[in-house]
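data_4.cif (mmCIF, C-alpha atoms)
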data_entry
loop_
_atom_site.label_atom_id
_atom_site.label_comp_id
_atom_site.auth_asym_id
_atom_site.auth_seq_id
_atom_site.Cartn_x
_atom_site.Cartn_y
_atom_site.Cartn_z
CA MET A 1054 35.36 0.98 -13.72
CA SER A 1055 32.39 -0.83 -12.20
CA SER A 1056 31.32 -4.22 -13.49
CA ILE A 1057 28.48 -4.54 -15.98
CA LEU A 1058 25.82 -6.84 -14.55
CA ILE A 1059 22.49 -8.27 -15.63
CA LYS A 1060 19.81 -6.22 -13.89
CA GLN A 1061 16.64 -7.79 -15.31
CA LEU A 1062 15.56 -10.64 -17.57
CA TYR A 1063 12.20 -10.79 -19.33
CA LEU A 1064 10.24 -13.37 -21.26
CA PHE A 1065 7.40 -12.48 -23.62
CA PRO A 1066 5.83 -15.94 -24.06
CA ILE A 1067 3.15 -14.73 -26.50
CA LYS A 1068 4.31 -12.14 -29.00
CA SER A 1069 2.96 -8.65 -28.19
CA LEU A 1070 1.40 -9.71 -24.88
CA ALA A 1071 2.78 -8.92 -21.43
CA ALA A 1072 6.24 -9.67 -20.10
CA ILE A 1073 7.23 -12.01 -17.30
CA ALA A 1074 10.24 -11.03 -15.17
CA VAL A 1075 12.44 -14.04 -14.37
CA ASP A 1076 15.58 -14.59 -12.34
CA GLN A 1077 17.28 -16.87 -14.85
CA VAL A 1078 16.80 -18.12 -18.39
CA LEU A 1079 18.09 -20.87 -20.62
CA VAL A 1080 19.48 -19.58 -23.90
CA ASP A 1081 18.92 -21.80 -26.95
CA ALA A 1082 19.45 -21.17 -30.66
CA ALA A 1083 16.18 -19.18 -30.93
CA GLY A 1084 16.92 -16.95 -27.92
CA PHE A 1085 15.50 -17.24 -24.41
CA VAL A 1086 13.61 -20.49 -23.94
CA GLY A 1087 9.97 -19.51 -23.46
CA ASP A 1088 10.30 -16.16 -25.23
CA ARG A 1089 7.99 -15.41 -28.16
CA ARG A 1090 7.39 -19.04 -29.04
CA PHE A 1091 3.62 -18.33 -29.31
CA MET A 1092 1.89 -15.74 -31.49
CA LEU A 1093 -1.61 -14.57 -32.40
CA VAL A 1094 -2.52 -14.48 -36.10
CA ASP A 1095 -5.59 -13.47 -38.06
CA PRO A 1096 -7.58 -15.90 -40.27
CA ASN A 1097 -5.08 -15.31 -43.07
CA GLY A 1098 -2.13 -16.18 -40.85
CA LYS A 1099 -0.84 -12.62 -40.53
CA PHE A 1100 0.60 -11.79 -37.11
CA ILE A 1101 -1.35 -9.58 -34.70
CA THR A 1102 0.52 -7.09 -32.52
CA GLN A 1103 0.04 -4.02 -30.34
CA ARG A 1104 0.83 -1.85 -33.35
CA THR A 1105 -2.74 -2.36 -34.53
CA ARG A 1106 -4.23 -3.77 -31.32
CA PRO A 1107 -2.78 -1.78 -28.38
CA ASP A 1108 -5.49 -3.35 -26.24
CA LEU A 1109 -3.47 -6.59 -26.23
CA THR A 1110 -1.99 -5.10 -23.06
CA ARG A 1111 -5.20 -6.34 -21.38
CA PHE A 1112 -3.59 -9.78 -21.08
CA ASN A 1113 -1.20 -10.34 -18.17
CA LEU A 1114 1.01 -13.42 -17.92
CA SER A 1115 2.65 -15.17 -15.00
CA LEU A 1116 4.59 -18.37 -14.54
CA VAL A 1117 2.81 -21.46 -13.22
CA GLU A 1118 4.00 -25.05 -13.08
CA GLY A 1119 4.31 -26.33 -16.64
CA GLY A 1120 3.40 -23.11 -18.38
CA TYR A 1121 1.81 -19.68 -18.07
CA LEU A 1122 -1.32 -18.22 -16.55
CA VAL A 1123 -2.92 -15.80 -19.03
CA GLN A 1124 -5.28 -13.34 -17.35
CA ASP A 1125 -7.58 -10.87 -19.09
CA HIS A 1126 -7.91 -7.94 -16.71
CA ILE A 1127 -10.94 -6.58 -18.58
CA SER A 1128 -13.22 -9.64 -18.41
CA GLY A 1129 -11.53 -11.26 -15.43
CA GLN A 1130 -11.17 -14.52 -17.32
CA SER A 1131 -8.00 -16.59 -17.09
CA LYS A 1132 -6.62 -19.73 -18.68
CA VAL A 1133 -3.43 -21.77 -18.26
CA LEU A 1134 -1.25 -22.18 -21.35
CA SER A 1135 0.98 -25.22 -21.19
CA SER A 1136 4.52 -24.76 -22.49
CA LYS A 1137 3.88 -28.05 -24.30
CA PRO A 1138 0.21 -27.78 -25.26
CA ASP A 1139 -1.92 -30.05 -27.38
CA LEU A 1140 -1.47 -29.00 -30.99
CA LYS A 1141 -3.75 -28.95 -34.01
CA GLU A 1142 -2.91 -28.70 -37.70
CA SER A 1143 0.05 -26.95 -39.29
CA MET A 1144 -0.62 -23.73 -41.13
CA ALA A 1145 1.17 -20.94 -42.96
CA ALA A 1146 1.85 -17.71 -41.12
CA GLU A 1147 3.27 -14.33 -42.09
CA LEU A 1148 5.59 -12.36 -39.82
CA TRP A 1149 6.87 -9.23 -41.52
CA ASP A 1150 8.69 -10.51 -44.63
CA ASP A 1151 8.92 -14.09 -43.40
CA SER A 1152 6.59 -16.86 -44.48
CA LEU A 1153 6.53 -19.51 -41.77
CA GLN A 1154 5.11 -22.93 -41.09
CA VAL A 1155 3.54 -22.93 -37.62
CA VAL A 1156 1.07 -25.11 -35.76
CA GLU A 1157 -2.18 -24.00 -34.15
CA VAL A 1158 -2.50 -24.52 -30.41
CA GLY A 1159 -5.43 -26.67 -29.30
CA GLU A 1160 -7.23 -26.68 -25.95
CA GLY A 1161 -9.64 -23.95 -27.08
CA TRP A 1162 -7.07 -21.18 -27.18
CA SER A 1163 -8.02 -19.70 -30.53
CA GLU A 1164 -11.66 -19.56 -29.52
CA TRP A 1165 -10.77 -18.00 -26.16
CA PHE A 1166 -8.79 -15.16 -27.71
CA SER A 1167 -11.34 -14.68 -30.52
CA ASP A 1168 -14.18 -14.29 -28.04
CA LEU A 1169 -12.31 -11.77 -25.89
CA LEU A 1170 -10.90 -9.74 -28.78
CA GLN A 1171 -14.21 -9.91 -30.69
CA GLU A 1172 -12.43 -10.78 -33.91
CA PRO A 1173 -11.15 -14.07 -35.32
CA ALA A 1174 -7.71 -14.95 -33.99
CA ARG A 1175 -5.65 -18.11 -33.80
CA LEU A 1176 -2.93 -18.89 -31.30
CA VAL A 1177 0.01 -20.58 -33.01
CA MET A 1178 3.32 -22.04 -31.87
CA GLN A 1179 6.69 -22.43 -33.51
CA LYS A 1180 7.49 -25.82 -34.97
CA PRO A 1181 11.01 -26.97 -34.02
CA GLU A 1182 11.28 -28.76 -37.33
CA SER A 1183 10.47 -25.51 -39.19
CA PRO A 1184 12.79 -22.89 -37.65
CA ARG A 1185 12.61 -19.25 -38.67
CA ILE A 1186 15.94 -18.79 -40.44
CA ILE A 1187 17.64 -15.39 -40.09
CA LYS A 1188 19.80 -13.67 -42.69
CA GLU A 1189 23.17 -15.29 -43.20
CA LYS A 1190 25.09 -12.18 -42.14
CA TYR A 1191 23.53 -12.45 -38.66
CA GLN A 1192 24.04 -16.19 -38.22
CA THR A 1193 26.61 -17.55 -35.80
CA SER A 1194 28.18 -20.93 -35.11
CA GLY A 1195 25.48 -21.44 -32.49
CA SER A 1196 22.37 -20.05 -34.17
CA ASN A 1197 20.85 -19.53 -37.59
CA GLN A 1198 17.33 -18.81 -36.37
CA SER A 1199 14.98 -16.64 -34.34
CA SER A 1200 11.73 -16.86 -32.41
CA PHE A 1201 8.61 -14.84 -33.25
CA ALA A 1202 10.57 -11.71 -32.26
CA ASP A 1203 10.33 -8.93 -34.84
CA SER A 1204 13.82 -9.76 -36.07
CA LEU A 1205 16.67 -11.36 -34.11
CA PRO A 1206 16.37 -13.56 -30.99
CA ILE A 1207 17.43 -11.39 -28.02
CA LEU A 1208 17.05 -7.67 -27.38
CA LEU A 1209 19.51 -6.07 -24.95
CA ALA A 1210 19.38 -2.56 -23.47
CA SER A 1211 21.01 -0.75 -20.58
CA GLU A 1212 19.64 0.96 -17.51
CA ALA A 1213 21.67 4.06 -18.40
CA SER A 1214 20.06 4.25 -21.84
CA TYR A 1215 16.57 4.12 -20.32
CA LYS A 1216 17.50 6.96 -17.97
CA GLN A 1217 18.81 9.14 -20.79
CA VAL A 1218 15.60 8.60 -22.74
CA GLU A 1219 13.63 9.56 -19.63
CA THR A 1220 15.56 12.83 -19.43
CA VAL A 1221 14.75 13.68 -23.05
CA TYR A 1222 11.15 12.44 -22.80
CA GLY A 1223 10.66 14.63 -19.76
CA GLN A 1224 8.68 12.23 -17.60
CA ASP A 1225 8.69 8.77 -16.08
CA TYR A 1226 7.72 5.86 -18.29
CA ASP A 1227 7.59 2.08 -18.11
CA PRO A 1228 10.80 0.62 -19.63
CA LEU A 1229 8.73 -2.33 -20.85
CA ARG A 1230 7.60 -0.08 -23.68
CA PHE A 1231 10.85 -1.17 -25.37
CA ARG A 1232 10.21 -4.89 -24.76
CA ALA A 1233 13.86 -5.82 -24.10
CA ASN A 1234 14.77 -9.30 -22.90
CA LEU A 1235 18.02 -8.44 -21.14
CA ILE A 1236 18.68 -5.21 -19.23
CA VAL A 1237 22.15 -4.47 -17.89
CA LYS A 1238 23.45 -2.00 -15.31
CA GLY A 1239 26.90 -0.49 -14.80
CA SER A 1240 27.47 0.65 -18.40
CA ASP A 1241 27.33 4.10 -19.98
CA SER A 1242 24.19 5.11 -21.84
CA PHE A 1243 24.01 3.51 -25.27
CA GLU A 1244 27.37 1.83 -24.74
CA GLU A 1245 25.60 -1.35 -25.87
CA ASP A 1246 25.64 0.07 -29.42
CA THR A 1247 29.34 -0.84 -29.54
CA TRP A 1248 29.11 -4.40 -28.21
CA GLU A 1249 30.03 -6.80 -30.99
CA GLU A 1250 30.39 -9.81 -28.70
CA ILE A 1251 29.67 -10.31 -25.02
CA SER A 1252 30.12 -13.22 -22.63
CA ILE A 1253 27.90 -14.09 -19.67
CA ASN A 1254 29.34 -17.14 -17.94
CA ALA A 1255 29.55 -19.77 -20.71
CA VAL A 1256 27.01 -17.96 -22.90
CA ARG A 1257 28.37 -15.80 -25.71
CA LEU A 1258 26.18 -13.40 -27.67
CA PHE A 1259 26.83 -11.64 -30.97
CA GLY A 1260 25.76 -7.99 -31.17
CA ALA A 1261 24.33 -8.30 -34.65
CA LYS A 1262 22.56 -4.99 -35.21
CA PRO A 1263 20.85 -2.06 -33.48
CA CYS A 1264 17.10 -2.24 -33.03
CA ALA A 1265 15.03 0.17 -35.13
CA ARG A 1266 11.92 1.29 -33.25
CA CYS A 1267 8.36 2.04 -34.32
CA GLN A 1268 5.16 3.44 -32.84
CA LEU A 1269 4.86 0.45 -30.50
CA ILE A 1270 7.01 2.31 -27.97
CA ASN A 1271 4.20 4.88 -27.71
CA VAL A 1272 1.95 2.25 -26.08
CA GLU A 1273 1.86 2.29 -22.28
CA PRO A 1274 2.09 -1.39 -21.25
CA ALA A 1275 -0.10 -1.11 -18.15
CA THR A 1276 -3.05 0.53 -19.89
CA GLY A 1277 -2.76 0.18 -23.67
CA LEU A 1278 -3.08 3.95 -24.01
CA VAL A 1279 -1.11 5.55 -26.85
CA ASP A 1280 0.76 8.77 -26.11
CA LYS A 1281 0.24 10.32 -29.58
CA GLY A 1282 3.81 9.75 -30.72
CA GLY A 1283 5.53 11.41 -27.78
CA MET A 1284 8.05 8.69 -26.99
CA LEU A 1285 9.01 7.97 -30.58
CA LYS A 1286 9.34 11.69 -31.30
CA ALA A 1287 11.49 12.23 -28.22
CA LEU A 1288 13.78 9.34 -29.14
CA ALA A 1289 14.07 10.63 -32.71
CA THR A 1290 15.55 13.91 -31.49
CA PHE A 1291 18.84 12.19 -30.68
CA ARG A 1292 18.65 8.58 -31.92
CA GLN A 1293 17.62 8.93 -35.56
CA LYS A 1294 19.80 7.84 -38.47
CA ASP A 1295 18.82 7.30 -42.11
CA ASN A 1296 15.15 7.84 -41.22
CA LYS A 1297 15.19 5.14 -38.54
CA VAL A 1298 15.08 5.57 -34.76
CA TYR A 1299 17.19 3.21 -32.67
CA PHE A 1300 17.17 1.83 -29.14
CA GLY A 1301 18.80 -1.41 -27.98
CA GLN A 1302 21.08 -4.02 -29.49
CA GLN A 1303 19.82 -7.22 -31.11
CA MET A 1304 21.83 -10.25 -30.08
CA VAL A 1305 22.26 -13.72 -31.57
CA PRO A 1306 23.55 -16.65 -29.47
CA ILE A 1307 27.01 -18.02 -30.25
CA THR A 1308 27.14 -20.48 -27.36
CA LEU A 1309 24.18 -21.66 -25.32
CA GLY A 1310 23.50 -22.09 -21.62
CA THR A 1311 21.93 -20.47 -18.57
CA ILE A 1312 22.23 -16.86 -17.42
CA GLN A 1313 20.72 -15.15 -14.39
CA VAL A 1314 20.16 -11.78 -12.78
CA GLY A 1315 23.39 -10.54 -11.20
CA ASP A 1316 25.70 -12.30 -13.67
CA GLU A 1317 28.60 -10.24 -14.96
CA VAL A 1318 28.61 -9.19 -18.61
CA ILE A 1319 32.05 -9.22 -20.23
CA VAL A 1320 32.45 -7.22 -23.45
CA SER A 1321 34.79 -9.32 -25.60
CA THR A 1322 34.91 -7.25 -28.79
CA ARG A 1323 33.58 -3.87 -29.80
CA LYS A 1324 32.48 -2.11 -32.97
CA ASP A 1325 31.99 1.51 -33.98
CA ALA A 1326 29.30 3.46 -32.16
CA LEU A 1327 26.03 4.00 -34.00
CA PHE A 1328 26.04 7.75 -33.30
#
For the structure just supplied, provide its representation as structure tokens.
Amino acid sequence: MSSILIKQLYLFPIKSLAAIAVDQVLVDAAGFVGDRRFMLVDPNGKFITQRTRPDLTRFNLSLVEGGYLVQDHISGQSKVLSSKPDLKESMAAELWDDSLQVVEVGEGWSEWFSDLLQEPARLVMQKPESPRIIKEKYQTSGSNQSSFADSLPILLASEASYKQVETVYGQDYDPLRFRANLIVKGSDSFEEDTWEEISINAVRLFGAKPCARCQLINVEPATGLVDKGGMLKALATFRQKDNKVYFGQQMVPITLGTIQVGDEVIVSTRKDALF
């Protein structure tokens, strides 16, 4: 049997904006350092995502020294977001069923996004002293929290699973539709459903639960165009259970450290397959 290896690693610095491919990442209690630690919210503090604003794909991100270059490909404007920006006042935010204490980012970021999106928006950041606590059944000895991810800190998927979806979907598509952080190669399709614990060097991850998908996977990342439900419908033909459609495994850190592309993934313990 061939080894299972990390094929790709992705950061999504601002929730629902573009991904950045990286060669290595540091894993902390909230997932990949630099992943989904920023988020856009409306004036009431409710999170803004591609589900209602597919045009958020207009913003591309890339790494620069000390932070990220955010580029709006529609207006041509760009602005550098420091990974440790000046901060304004704390505020309440709402992310799904979670009520959070966050802090607004200064340096004109809220105004910049509001002007480009033509609606009021505020860019906020997680407060280390106010972590987003996850359900006890998903907590590990190394983590009891998550980032601004929809649910748990790290999303893992396999190259083989993407290829099987492509076969059912009937055409090529951008795998970034699924917004996974960690993509592996060398496994069978959807084998990751059975991974209860994996080890990558000194980093151990708990396979806490499968990831239920929504209409966001219908949004083409490069253009923001929505394919009228085609992807979600295709996935539902063979990955639906109890009225939910699944792709990927949500992971929670047990031990922390650095992982990189090419590292071997060791499956320590398994659980029953989802299907």
Query raised in the report: Quick one: of A:Glu1249, A:Asp1108, A:Asp1125, A:Glu1182, who's nearest to A:Trp1165, counting only C-alpha atoms?
Result: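 Of all the options, A:Asp1125 lies closest to A:Trp1165.
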Requested in this report: Translate the PyMOL selection byres ((chain A and resi 1185-1189) around 7), as applied to the file shown, into an explicit residue set as a VMD selection string.
Outcome: chain A and resid 1153 1183 to 1184 1190 to 1192 1197 to 1200
Atoms kept (C-alpha atoms) for selection, written as a PDB file, in the coordinates of the input:
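Final output, again_27.pdb:
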ATOM      1  CA  LEU A1153       6.530 -19.510 -41.770  1.00  0.00           C
ATOM      2  CA  SER A1183      10.470 -25.510 -39.190  1.00  0.00           C
ATOM      3  CA  PRO A1184      12.790 -22.890 -37.650  1.00  0.00           C
ATOM      4  CA  LYS A1190      25.090 -12.180 -42.140  1.00  0.00           C
ATOM      5  CA  TYR A1191      23.530 -12.450 -38.660  1.00  0.00           C
ATOM      6  CA  GLN A1192      24.040 -16.190 -38.220  1.00  0.00           C
ATOM      7  CA  ASN A1197      20.850 -19.530 -37.590  1.00  0.00           C
ATOM      8  CA  GLN A1198      17.330 -18.810 -36.370  1.00  0.00           C
ATOM      9  CA  SER A1199      14.980 -16.640 -34.340  1.00  0.00           C
ATOM     10  CA  SER A1200      11.730 -16.860 -32.410  1.00  0.00           C
TER      11      SER A1200
END
Counting all atoms listed in the file, what are the residues of stretch 1132-1247 of chain A within 10 Å of stretch 1065-1083 of chain A, and for each of them which pair of atoms is the nearest and at what distance in Å, to one decimal? Sort the table by chain and rising number, as a Markdown table.
| residue | atom | partner | partner_atom | distance |
| --- | --- | --- | --- | --- |
| A:Leu1134 | CA | A:Pro1066 | CA | 9.8 |
| A:Ser1136 | CA | A:Pro1066 | CA | 9.1 |
| A:Leu1176 | CA | A:Ile1067 | CA | 8.8 |
| A:Val1177 | CA | A:Ile1067 | CA | 9.3 |
| A:Met1178 | CA | A:Ile1067 | CA | 9.1 |
| A:Pro1181 | CA | A:Ala1083 | CA | 9.8 |
| A:Pro1184 | CA | A:Ala1083 | CA | 8.4 |
| A:Arg1185 | CA | A:Ala1083 | CA | 8.5 |
| A:Ile1186 | CA | A:Ala1083 | CA | 9.5 |
| A:Thr1193 | CA | A:Ala1082 | CA | 9.5 |
| A:Ser1194 | CA | A:Ala1082 | CA | 9.8 |
| A:Gly1195 | CA | A:Ala1082 | CA | 6.3 |
| A:Ser1196 | CA | A:Ala1082 | CA | 4.7 |
| A:Asn1197 | CA | A:Ala1082 | CA | 7.3 |
| A:Gln1198 | CA | A:Ala1083 | CA | 5.6 |
| A:Ser1199 | CA | A:Ala1083 | CA | 4.4 |
| A:Ser1200 | CA | A:Ala1083 | CA | 5.2 |
| A:Phe1201 | CA | A:Lys1068 | CA | 6.6 |
| A:Ala1202 | CA | A:Lys1068 | CA | 7.1 |
| A:Asp1203 | CA | A:Lys1068 | CA | 9.0 |
| A:Leu1205 | CA | A:Ala1083 | CA | 8.5 |
| A:Pro1206 | CA | A:Ala1083 | CA | 5.6 |
| A:Ile1207 | CA | A:Ala1083 | CA | 8.4 |
| A:Leu1229 | CA | A:Ala1072 | CA | 7.8 |
| A:Arg1232 | CA | A:Ala1072 | CA | 7.8 |
| A:Ala1233 | CA | A:Phe1065 | CA | 9.3 |
| A:Asn1234 | CA | A:Phe1065 | CA | 8.1 |
For the file shown, what are the residues hit by the PyMOL selection byres ((chain A and resi 1122) around 7), laid out as a PDB file with C-alpha atoms, in the frame of the given file?
ATOM      1  CA  LEU A1114       1.010 -13.420 -17.920  1.00  0.00           C
ATOM      2  CA  SER A1115       2.650 -15.170 -15.000  1.00  0.00           C
ATOM      3  CA  LEU A1116       4.590 -18.370 -14.540  1.00  0.00           C
ATOM      4  CA  VAL A1117       2.810 -21.460 -13.220  1.00  0.00           C
ATOM      5  CA  TYR A1121       1.810 -19.680 -18.070  1.00  0.00           C
ATOM      6  CA  VAL A1123      -2.920 -15.800 -19.030  1.00  0.00           C
ATOM      7  CA  GLN A1124      -5.280 -13.340 -17.350  1.00  0.00           C
ATOM      8  CA  SER A1131      -8.000 -16.590 -17.090  1.00  0.00           C
ATOM      9  CA  LYS A1132      -6.620 -19.730 -18.680  1.00  0.00           C
ATOM     10  CA  VAL A1133      -3.430 -21.770 -18.260  1.00  0.00           C
ATOM     11  CA  LEU A1134      -1.250 -22.180 -21.350  1.00  0.00           C
TER      12      LEU A1134
END
Query - Hits from the PyMOL selection byres ((chain A and resi 1299) around 8), listed as a list in words - result: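 Taken over the shown coordinates, the PyMOL selection byres ((chain A and resi 1299) around 8) returns Pro1263, Cys1264, Ala1265, Arg1266, Leu1288, Arg1292, Gln1293, Lys1294, Lys1297, Val1298, Phe1300 and Gly1301 of chain A.
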Query raised in the report: Neighbours of stretch 1209-1223 of chain A within 6 Å (only C-alpha atoms; same-chain residues fewer than 4 positions away dropped), as a list in words?
Result: Ala1233, Leu1235, Ile1236, Val1237, Lys1238, Asp1241, Ser1242, Phe1243, Ala1287, Gly1301 and Gln1302 of chain A
Requested in this report: Check the smallest atom-to-atom distance from each of A:Leu1169, A:Arg1106, A:Asp1225, A:Lys1180 to A:Glu1142 using all atoms listed in the file, then report the winner.
Outcome: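 Checking each candidate against A:Glu1142, we get A:Lys1180 as the closest.
Atom CA of A:Asp1150 sits 16.0 Å away from atom CA of A:Asp1095.
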Please write stretch 1247-1256 of chain A of the preceding block to a file containing all heavy atoms, as a short mmCIF file (atom, residue, chain, number, x, y, z; two decimals), in the first residue's frame?
data_model
loop_
_atom_site.label_atom_id
_atom_site.label_comp_id
_atom_site.auth_asym_id
_atom_site.auth_seq_id
_atom_site.Cartn_x
_atom_site.Cartn_y
_atom_site.Cartn_z
N THR A 1247 -13.25 7.50 7.81
CA THR A 1247 -13.00 6.50 8.86
C THR A 1247 -11.84 6.87 9.78
O THR A 1247 -11.51 6.12 10.69
CB THR A 1247 -12.69 5.13 8.23
OG1 THR A 1247 -11.41 5.19 7.57
CG2 THR A 1247 -13.76 4.72 7.24
N TRP A 1248 -11.24 8.03 9.56
CA TRP A 1248 -10.04 8.38 10.34
C TRP A 1248 -10.44 9.03 11.67
O TRP A 1248 -10.86 10.18 11.72
CB TRP A 1248 -9.15 9.33 9.55
CG TRP A 1248 -8.58 8.69 8.31
CD1 TRP A 1248 -8.67 7.37 7.95
CD2 TRP A 1248 -7.87 9.34 7.25
NE1 TRP A 1248 -8.04 7.15 6.73
CE2 TRP A 1248 -7.53 8.34 6.29
CE3 TRP A 1248 -7.46 10.65 7.03
CZ2 TRP A 1248 -6.83 8.64 5.13
CZ3 TRP A 1248 -6.76 10.95 5.88
CH2 TRP A 1248 -6.45 9.94 4.94
N GLU A 1249 -10.27 8.28 12.72
CA GLU A 1249 -10.59 8.80 14.06
C GLU A 1249 -9.42 9.58 14.65
O GLU A 1249 -9.62 10.56 15.37
CB GLU A 1249 -10.97 7.66 15.00
CG GLU A 1249 -11.44 8.13 16.36
CD GLU A 1249 -12.01 6.98 17.18
OE1 GLU A 1249 -11.34 5.94 17.28
OE2 GLU A 1249 -13.13 7.14 17.70
N GLU A 1250 -8.21 9.15 14.35
CA GLU A 1250 -7.03 9.90 14.78
C GLU A 1250 -5.91 9.68 13.77
O GLU A 1250 -5.68 8.55 13.33
CB GLU A 1250 -6.56 9.46 16.17
CG GLU A 1250 -5.39 10.29 16.68
CD GLU A 1250 -4.92 9.88 18.07
OE1 GLU A 1250 -5.78 9.55 18.92
OE2 GLU A 1250 -3.70 9.90 18.31
N ILE A 1251 -5.24 10.77 13.41
CA ILE A 1251 -4.09 10.68 12.51
C ILE A 1251 -2.91 11.39 13.14
O ILE A 1251 -3.06 12.27 14.00
CB ILE A 1251 -4.39 11.28 11.13
CG1 ILE A 1251 -4.71 12.77 11.22
CG2 ILE A 1251 -5.53 10.53 10.45
CD1 ILE A 1251 -4.84 13.46 9.87
N SER A 1252 -1.71 11.00 12.69
CA SER A 1252 -0.48 11.64 13.14
C SER A 1252 0.29 12.13 11.93
O SER A 1252 0.41 11.43 10.92
CB SER A 1252 0.39 10.66 13.93
OG SER A 1252 -0.27 10.24 15.11
N ILE A 1253 0.80 13.35 12.03
CA ILE A 1253 1.66 13.93 11.00
C ILE A 1253 2.86 14.49 11.75
O ILE A 1253 2.77 15.53 12.40
CB ILE A 1253 0.94 15.04 10.21
CG1 ILE A 1253 -0.41 14.56 9.66
CG2 ILE A 1253 1.83 15.54 9.07
CD1 ILE A 1253 -1.28 15.67 9.11
N ASN A 1254 3.98 13.77 11.68
CA ASN A 1254 5.13 14.11 12.53
C ASN A 1254 4.67 14.11 13.99
O ASN A 1254 4.06 13.15 14.44
CB ASN A 1254 5.75 15.45 12.11
CG ASN A 1254 6.27 15.41 10.67
OD1 ASN A 1254 6.73 14.37 10.21
ND2 ASN A 1254 6.19 16.52 9.98
N ALA A 1255 4.91 15.19 14.72
CA ALA A 1255 4.52 15.26 16.12
C ALA A 1255 3.07 15.73 16.31
O ALA A 1255 2.55 15.71 17.43
CB ALA A 1255 5.46 16.20 16.88
N VAL A 1256 2.43 16.13 15.21
CA VAL A 1256 1.06 16.66 15.30
C VAL A 1256 0.07 15.51 15.21
O VAL A 1256 0.13 14.69 14.30
CB VAL A 1256 0.80 17.67 14.17
CG1 VAL A 1256 -0.66 18.11 14.17
CG2 VAL A 1256 1.72 18.87 14.31
#
